[in-house]
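Text of structure30.txt (compact mmCIF, C-alpha atoms) as supplied:
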```txt
# COMPACT_ATOMS: atom_id res chain seq x y z
CA MET A 255 -25.36 -7.75 -7.29
CA ASN A 256 -24.36 -4.26 -8.35
CA PRO A 257 -20.97 -2.74 -9.31
CA LEU A 258 -20.26 -1.98 -5.66
CA ALA A 259 -20.16 -5.72 -4.97
CA GLY A 260 -17.39 -6.19 -7.53
CA CYS A 261 -15.30 -3.50 -5.88
CA LEU A 262 -15.87 -4.92 -2.42
CA LEU A 263 -15.00 -8.47 -3.48
CA LEU A 264 -11.83 -7.28 -5.24
CA SER A 265 -10.91 -5.30 -2.15
CA CYS A 266 -11.41 -8.38 0.07
CA LEU A 267 -9.18 -10.50 -2.12
CA LEU A 268 -6.47 -7.81 -2.33
CA PHE A 269 -6.54 -7.40 1.45
CA ALA A 270 -6.33 -11.16 1.97
CA SER A 271 -3.34 -11.48 -0.37
CA GLY A 272 -1.59 -8.65 1.47
CA LEU A 273 -2.36 -10.22 4.82
CA GLY A 274 -1.05 -13.55 3.56
CA ALA A 275 2.20 -11.92 2.50
CA VAL A 276 2.60 -10.28 5.90
CA LEU A 277 1.88 -13.46 7.83
CA ILE A 278 3.61 -16.01 5.62
CA ARG A 279 6.57 -14.49 3.80
CA ARG A 280 9.84 -13.95 5.61
CA ASN A 281 11.51 -11.33 3.45
CA ALA A 282 11.02 -7.84 4.86
CA ILE A 283 10.47 -6.24 1.45
CA VAL A 284 7.68 -8.70 0.60
CA VAL A 285 6.10 -7.91 3.97
CA LEU A 286 6.18 -4.23 3.01
CA ILE A 287 4.59 -5.06 -0.35
CA GLY A 288 1.83 -6.87 1.55
CA ILE A 289 1.23 -3.82 3.75
CA GLU A 290 0.97 -1.62 0.65
CA LEU A 291 -1.59 -4.01 -0.85
CA MET A 292 -3.70 -3.89 2.31
CA LEU A 293 -3.63 -0.08 2.37
CA ASN A 294 -4.68 -0.01 -1.27
CA ALA A 295 -7.53 -2.43 -0.62
CA ALA A 296 -8.85 -0.04 2.03
CA ASN A 297 -8.47 2.85 -0.42
CA LEU A 298 -10.49 0.99 -3.04
CA ASN A 299 -13.29 0.65 -0.49
CA PHE A 300 -13.20 4.39 0.19
CA ILE A 301 -13.51 5.16 -3.52
CA ALA A 302 -16.20 2.54 -4.13
CA PHE A 303 -18.37 3.72 -1.24
CA TRP A 304 -17.89 7.32 -2.35
CA ARG A 305 -18.99 6.47 -5.88
CA TYR A 306 -21.96 4.24 -5.01
CA GLY A 307 -22.88 5.47 -1.56
CA PRO A 308 -25.24 8.30 -0.62
CA ASN A 309 -24.25 11.97 -0.83
CA PRO A 310 -21.17 11.82 -3.08
CA GLU A 311 -21.07 15.62 -3.37
CA ALA A 312 -19.54 15.86 0.10
CA LEU A 313 -16.36 14.21 -1.30
CA THR A 314 -15.60 12.48 2.00
CA GLY A 315 -14.45 9.21 0.43
CA LEU A 316 -12.23 10.98 -2.07
CA MET A 317 -10.59 13.04 0.65
CA ALA A 318 -10.00 9.99 2.85
CA ALA A 319 -8.46 8.16 -0.11
CA LEU A 320 -6.17 11.10 -0.91
CA PHE A 321 -4.95 11.39 2.67
CA ALA A 322 -4.46 7.62 2.93
CA LEU A 323 -2.41 7.79 -0.26
CA ALA A 324 -0.05 10.36 1.26
CA ILE A 325 0.26 8.43 4.52
CA ALA A 326 1.00 5.21 2.62
CA ALA A 327 3.78 6.93 0.71
CA ALA A 328 5.34 8.18 3.95
CA GLU A 329 5.01 4.73 5.47
CA ALA A 330 6.75 3.12 2.49
CA ALA A 331 9.68 5.53 2.74
CA VAL A 332 10.19 4.94 6.47
CA GLY A 333 9.71 1.18 6.14
CA LEU A 334 12.28 0.88 3.38
CA ALA A 335 14.73 3.01 5.37
CA LEU A 336 14.25 0.63 8.32
CA ILE A 337 14.87 -2.38 6.05
CA ILE A 338 18.07 -0.81 4.73
CA SER A 339 19.19 0.01 8.26
CA LEU A 340 18.52 -3.58 9.41
CA TYR A 341 20.39 -4.90 6.39
CA ARG A 342 23.40 -2.72 7.20
CA ARG A 343 23.47 -4.16 10.67
CA HIS A 344 22.83 -7.84 10.00
CA HIS A 345 23.49 -8.28 6.26
CA ARG A 346 20.19 -10.06 5.83
CA SER A 347 16.78 -8.81 4.80
CA ASP A 348 14.63 -11.29 6.75
CA ILE A 349 12.37 -9.96 9.43
CA ASP A 350 13.73 -12.66 11.74
CA VAL A 351 16.74 -10.41 12.38
CA ALA A 352 14.45 -7.89 14.06
CA GLU A 353 13.64 -10.32 16.86
CA GLU A 354 15.86 -8.59 19.39
CA LEU A 355 14.65 -5.00 19.24
CA LYS A 356 16.68 -3.54 22.07
CA GLY A 357 18.80 -0.44 22.16
CA MET B 79 -20.32 -5.28 -13.18
CA ASN B 80 -19.19 -4.63 -16.72
CA ALA B 81 -16.43 -6.06 -18.84
CA VAL B 82 -13.96 -3.22 -18.33
CA PHE B 83 -14.17 -3.54 -14.58
CA ALA B 84 -13.85 -7.32 -14.74
CA LEU B 85 -10.76 -7.03 -16.93
CA LEU B 86 -9.11 -4.45 -14.67
CA ALA B 87 -10.01 -6.41 -11.55
CA GLY B 88 -8.53 -9.60 -12.99
CA LEU B 89 -5.34 -7.78 -13.96
CA THR B 90 -5.02 -6.17 -10.53
CA LEU B 91 -5.71 -9.35 -8.61
CA GLY B 92 -3.36 -11.44 -10.74
CA ALA B 93 -0.55 -8.91 -10.41
CA ALA B 94 -1.12 -8.65 -6.65
CA LEU B 95 -0.99 -12.43 -6.22
CA ALA B 96 2.19 -12.54 -8.32
CA ALA B 97 3.70 -9.75 -6.21
CA VAL B 98 3.26 -11.69 -2.99
CA THR B 99 4.20 -15.14 -4.31
CA LEU B 100 7.16 -14.59 -6.66
CA ARG B 101 10.54 -15.40 -5.19
CA ASN B 102 12.49 -12.89 -7.26
CA LEU B 103 12.11 -9.58 -5.46
CA VAL B 104 12.57 -7.40 -8.54
CA HIS B 105 9.77 -9.28 -10.30
CA ALA B 106 7.64 -8.93 -7.17
CA ALA B 107 8.20 -5.16 -7.07
CA LEU B 108 7.31 -4.80 -10.76
CA CYS B 109 4.16 -6.89 -10.27
CA LEU B 110 3.25 -4.61 -7.36
CA ALA B 111 3.64 -1.62 -9.69
CA LEU B 112 1.33 -3.33 -12.20
CA ALA B 113 -1.27 -4.07 -9.50
CA LEU B 114 -1.20 -0.48 -8.25
CA ALA B 115 -1.49 0.89 -11.79
CA GLY B 116 -4.49 -1.42 -12.28
CA LEU B 117 -6.03 0.01 -9.12
CA GLY B 118 -5.45 3.52 -10.45
CA LEU B 119 -7.26 2.58 -13.65
CA ILE B 120 -10.12 1.17 -11.56
CA TYR B 121 -10.36 4.51 -9.73
CA ILE B 122 -10.52 6.29 -13.09
CA HIS B 123 -13.19 3.80 -14.16
CA LEU B 124 -15.11 4.65 -10.97
CA GLU B 125 -15.03 8.33 -12.03
CA ALA B 126 -12.50 9.36 -9.41
CA GLU B 127 -10.05 10.62 -12.02
CA PHE B 128 -8.08 12.83 -9.66
CA VAL B 129 -7.41 10.08 -7.14
CA GLY B 130 -6.65 7.62 -9.94
CA LEU B 131 -4.03 9.88 -11.46
CA ALA B 132 -2.59 10.66 -8.03
CA GLN B 133 -2.43 6.92 -7.35
CA ILE B 134 -0.52 6.27 -10.56
CA LEU B 135 1.79 9.22 -9.90
CA VAL B 136 2.51 8.36 -6.27
CA TYR B 137 2.58 4.58 -6.42
CA VAL B 138 3.87 3.68 -9.85
CA GLY B 139 6.07 6.75 -10.04
CA ALA B 140 7.49 6.83 -6.54
CA VAL B 141 6.73 3.91 -4.25
CA ALA B 142 7.45 1.15 -6.79
CA ILE B 143 10.71 2.80 -7.79
CA LEU B 144 11.59 3.18 -4.10
CA ILE B 145 10.98 -0.55 -3.55
CA VAL B 146 13.09 -1.48 -6.58
CA PHE B 147 15.91 0.70 -5.25
CA ALA B 148 15.61 -0.91 -1.82
CA VAL B 149 15.76 -4.38 -3.42
CA LEU B 150 18.90 -3.42 -5.28
CA LEU B 151 20.49 -1.85 -2.18
CA VAL B 152 19.65 -4.83 -0.01
CA ARG B 153 20.86 -7.25 -2.68
CA GLY B 154 18.18 -9.73 -1.67
CA ALA B 155 16.98 -10.34 -5.22
CA GLU B 156 19.41 -13.06 -6.05
CA LEU B 157 19.45 -15.00 -2.80
CA PRO B 158 15.96 -16.18 -1.99
CA GLU B 159 17.17 -19.55 -0.74
CA GLY B 160 16.00 -21.14 2.45
CA ARG B 161 12.59 -21.00 3.96
CA VAL B 162 10.18 -18.56 2.40
CA SER B 163 7.96 -18.42 5.40
CA ARG B 164 8.11 -18.41 9.14
CA ALA B 165 4.92 -20.21 10.00
CA PRO B 166 3.31 -21.20 6.71
CA TRP B 167 0.39 -23.29 7.93
CA TRP B 168 -0.65 -21.03 10.74
CA GLY B 169 -0.43 -17.97 8.50
CA ALA B 170 -2.17 -19.57 5.56
CA GLY B 171 -4.97 -20.88 7.76
CA PHE B 172 -5.52 -17.50 9.38
CA THR B 173 -5.48 -15.75 5.99
CA ALA B 174 -8.00 -18.19 4.53
CA LEU B 175 -10.26 -17.77 7.55
CA PHE B 176 -9.99 -13.99 7.32
CA ALA B 177 -10.73 -13.92 3.58
CA ALA B 178 -13.70 -16.24 4.04
CA THR B 179 -15.11 -14.03 6.80
CA LEU B 180 -14.73 -10.87 4.72
CA LEU B 181 -16.26 -12.45 1.61
CA TRP B 182 -19.15 -13.84 3.67
CA ALA B 183 -19.76 -10.40 5.17
CA VAL B 184 -19.77 -8.77 1.72
CA VAL B 185 -22.08 -11.34 0.16
CA ARG B 186 -24.52 -11.11 3.08
CA SER B 187 -24.56 -7.33 3.27
CA PRO B 188 -27.66 -5.49 2.00
CA VAL B 189 -25.47 -2.77 0.46
CA ILE B 190 -24.73 -4.84 -2.63
CA ARG B 191 -28.41 -5.17 -3.52
CA GLN B 192 -29.16 -1.46 -3.69
CA ALA B 193 -29.81 0.25 -6.98
CA THR B 194 -26.80 1.91 -8.58
CA ARG B 195 -26.70 5.67 -8.31
CA PRO B 196 -25.80 7.94 -11.21
CA ALA B 197 -22.21 9.08 -11.36
CA PRO B 198 -21.51 12.25 -9.41
CA THR B 199 -19.85 15.07 -11.29
CA VAL B 200 -16.75 16.18 -9.43
CA THR B 201 -14.36 18.76 -10.75
CA VAL B 202 -10.79 19.22 -9.62
CA ARG B 203 -11.85 22.70 -8.62
CA ALA B 204 -14.33 21.26 -6.12
CA ILE B 205 -11.63 18.97 -4.70
CA GLY B 206 -9.25 21.91 -4.29
CA ASP B 207 -12.03 23.96 -2.70
CA GLN B 208 -12.70 21.24 -0.16
CA LEU B 209 -8.99 20.79 0.55
CA MET B 210 -8.60 24.50 1.23
CA ARG B 211 -11.79 24.87 3.30
CA ASP B 212 -12.97 21.87 5.30
CA TYR B 213 -9.80 19.83 5.12
CA VAL B 214 -7.17 22.51 5.53
CA VAL B 215 -6.01 21.30 8.96
CA PRO B 216 -5.60 17.67 7.83
CA LEU B 217 -3.81 18.94 4.73
CA GLN B 218 -1.28 20.84 6.84
CA ALA B 219 -0.91 17.83 9.13
CA ILE B 220 -0.17 15.65 6.11
CA GLY B 221 2.43 18.15 4.99
CA MET B 222 4.10 18.00 8.41
CA LEU B 223 3.89 14.20 8.37
CA LEU B 224 5.52 13.96 4.95
CA THR B 225 8.33 16.30 6.01
CA ALA B 226 8.90 14.33 9.20
CA ALA B 227 8.81 11.03 7.31
CA THR B 228 11.33 12.26 4.74
CA LEU B 229 13.71 13.49 7.42
CA GLY B 230 13.19 10.35 9.51
CA ALA B 231 13.78 8.04 6.56
CA ALA B 232 16.99 9.84 5.68
CA LEU B 233 18.16 9.73 9.31
CA ILE B 234 17.34 6.03 9.73
CA ALA B 235 19.01 5.04 6.48
CA LEU B 236 22.17 7.04 7.15
CA PRO B 237 25.22 4.86 7.76
CA ARG B 238 25.79 4.33 11.45
CA ARG B 239 28.89 6.08 12.65
CA ASP B 240 31.10 4.39 15.20
CA PRO B 241 30.28 6.02 18.56
CA ASN B 242 33.86 5.78 19.82
CA SER B 243 35.35 7.58 16.89
CA SER B 244 32.63 10.21 16.73
CA ALA B 245 33.01 11.07 20.42
CA HIS B 246 36.60 12.14 19.90
CA GLN B 247 36.06 13.98 16.67
CA PRO B 248 37.17 17.59 16.88
CA THR B 249 34.31 20.00 16.36
CA PRO B 250 34.76 22.23 13.37
CA PRO B 251 35.30 25.88 14.25
```
Mind turning this structure into structure tokens?
Amino acid sequence: MNPLAGCLLLSCLLFASGLGAVLIRRNAIVVLIGIELMLNAANLNFIAFWRYGPNPEALTGLMAALFALAIAAAEAAVGLALIISLYRRHHRSDIDVAEELKG
Amino acid sequence: MNAVFALLAGLTLGAALAAVTLRNLVHAALCLALALAGLGLIYIHLEAEFVGLAQILVYVGAVAILIVFAVLLVRGAELPEGRVSRAPWWGAGFTALFAATLLWAVVRSPVIRQATRPAPTVTVRAIGDQLMRDYVVPLQAIGMLLTAATLGAALIALPRRDPNSSAHQPTPP
């Protein structure tokens, strides 16, 4: 077992907790928190494989992590705007209200 | 695996579990901020200082605050009554299966038995060089994406105007 294993195990557990939140919780904001956790688990893998993998001078893992960071920020902004819009319409913040996505 | 990493990993994992299990949404958002700050510290520990600081800046500074604002706007923090979950057993079973598969794959993989490499030396100058040379097209695309996401978020969150009243509004000269 080397330090990479610790990173990978932590990333697995973070991803699983995010997935659990997405599948189990009903509140839309908690679902968004779960999505953020899953994105960050993937980012941790990028950084860990960059640090412990071959050829770290190419900076590929760092660049992927930086771009994923920016995309995750954009995703959070749009997701929260959608939640606020749904709340305006239905006065609830469950994702059950998004069952009829028409028009 | 040294003590610093174990400490940071425990902090991150505990805060992440609290973020997805707490019923009070403000507490959940603050625990998410703690977990993301812990991840940023882990990046710094893994000698990716630039990404670690960017993570703390973007996530703890912006995304966590955004989520707290959304919680306050949605006013969901004080009414978590009723069912927490839609399909608890199905979801929990799938999550457990998924986690077990991932952990099994990690433990079986030959990658974790390789010798540790020495830390690479990366300067911010090298990162900027790469961003301006090899990754300049993705960088511009990310800029476009962020602009579009900002505009889209503002448009989506705008209050919906009544279509009947807006159709008869006089256009300003």
(request) Take atom CA of A:Ala275 and atom CA of B:Leu223 and report the distance between them in Å, one decimal. (result) 26.8 Å
Near-A:Ala319 list (12 Å; only C-alpha atoms; drop same-chain fewer than 5 positions) as an mmCIF file with C-alpha atoms, keeping the file's coordinate frame:
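So the final result, stored in selection_28.cif, reads:
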```cif
data_model
loop_
_atom_site.group_PDB
_atom_site.id
_atom_site.type_symbol
_atom_site.label_atom_id
_atom_site.label_comp_id
_atom_site.auth_asym_id
_atom_site.auth_seq_id
_atom_site.Cartn_x
_atom_site.Cartn_y
_atom_site.Cartn_z
ATOM 1 C CA LEU A 293 -3.630 -0.080 2.370
ATOM 2 C CA ASN A 294 -4.680 -0.010 -1.270
ATOM 3 C CA ALA A 295 -7.530 -2.430 -0.620
ATOM 4 C CA ALA A 296 -8.850 -0.040 2.030
ATOM 5 C CA ASN A 297 -8.470 2.850 -0.420
ATOM 6 C CA LEU A 298 -10.490 0.990 -3.040
ATOM 7 C CA ASN A 299 -13.290 0.650 -0.490
ATOM 8 C CA PHE A 300 -13.200 4.390 0.190
ATOM 9 C CA ILE A 301 -13.510 5.160 -3.520
ATOM 10 C CA ALA A 302 -16.200 2.540 -4.130
ATOM 11 C CA PHE A 303 -18.370 3.720 -1.240
ATOM 12 C CA TRP A 304 -17.890 7.320 -2.350
ATOM 13 C CA LEU A 313 -16.360 14.210 -1.300
ATOM 14 C CA THR A 314 -15.600 12.480 2.000
ATOM 15 C CA ALA A 324 -0.050 10.360 1.260
ATOM 16 C CA ILE A 325 0.260 8.430 4.520
ATOM 17 C CA ALA A 326 1.000 5.210 2.620
ATOM 18 C CA GLY B 118 -5.450 3.520 -10.450
ATOM 19 C CA TYR B 121 -10.360 4.510 -9.730
ATOM 20 C CA ALA B 126 -12.500 9.360 -9.410
ATOM 21 C CA PHE B 128 -8.080 12.830 -9.660
ATOM 22 C CA VAL B 129 -7.410 10.080 -7.140
ATOM 23 C CA GLY B 130 -6.650 7.620 -9.940
ATOM 24 C CA ALA B 132 -2.590 10.660 -8.030
ATOM 25 C CA GLN B 133 -2.430 6.920 -7.350
#
```
Go through stretch 255-355 of chain A and flag each residue having an atom no more than 7 Å from stretch 142-156 of chain B; for those, report the closest pair of atoms plus their distance in Å to one decimal, using only C-alpha atoms, ordered by chain and rising number, as a tab-separated table.
```
residue	atom	partner	partner_atom	distance
A:Leu334	CA	B:Ala148	CA	6.4
A:Ile338	CA	B:Val152	CA	6.4
A:Tyr341	CA	B:Val152	CA	6.4
A:Ser347	CA	B:Gly154	CA	6.7
```
Closest pair table for chain A residues within 6 Å of chain B, only C-alpha atoms, as CSV:
```
residue,atom,partner,partner_atom,distance
A:Met255,CA,B:Arg191,CA,5.5
A:Asn256,CA,B:Ile190,CA,5.8
A:Pro257,CA,B:Met79,CA,4.7
A:Ala259,CA,B:Ile190,CA,5.2
A:Ala270,CA,B:Ala177,CA,5.4
A:Gly274,CA,B:Thr173,CA,5.5
A:Ala275,CA,B:Val98,CA,5.6
A:Leu277,CA,B:Gly169,CA,5.1
A:Ile278,CA,B:Ser163,CA,5.0
A:Arg279,CA,B:Ser163,CA,4.5
A:Arg280,CA,B:Ser163,CA,4.9
A:Tyr306,CA,B:Arg195,CA,5.9
A:Ala328,CA,B:Ala227,CA,5.6
A:Val332,CA,B:Ala231,CA,4.7
A:Ala335,CA,B:Ala235,CA,4.9
A:Ser339,CA,B:Ala235,CA,5.3
```
(request) Just give me the residues with any atom within 7 Å of (8.7, -10.6, 4.1), file coordinates, counting only C-alpha atoms, written as a VMD selection string. (result) chain A and resid 275 to 276 279 to 286 348 to 349
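One distance worth recording is that between atom CA of B:His123 and atom CA of B:Ala81, which is 11.4 Å.
Note that the spacing between atom CA of B:Cys109 and atom CA of A:Leu273 amounts to 16.8 Å.
Comparing B:Leu135, B:Asp212, B:Arg186, B:Glu127 by their smallest distance to B:Ala115, the closest is B:Leu135 (using all atoms listed in the file).
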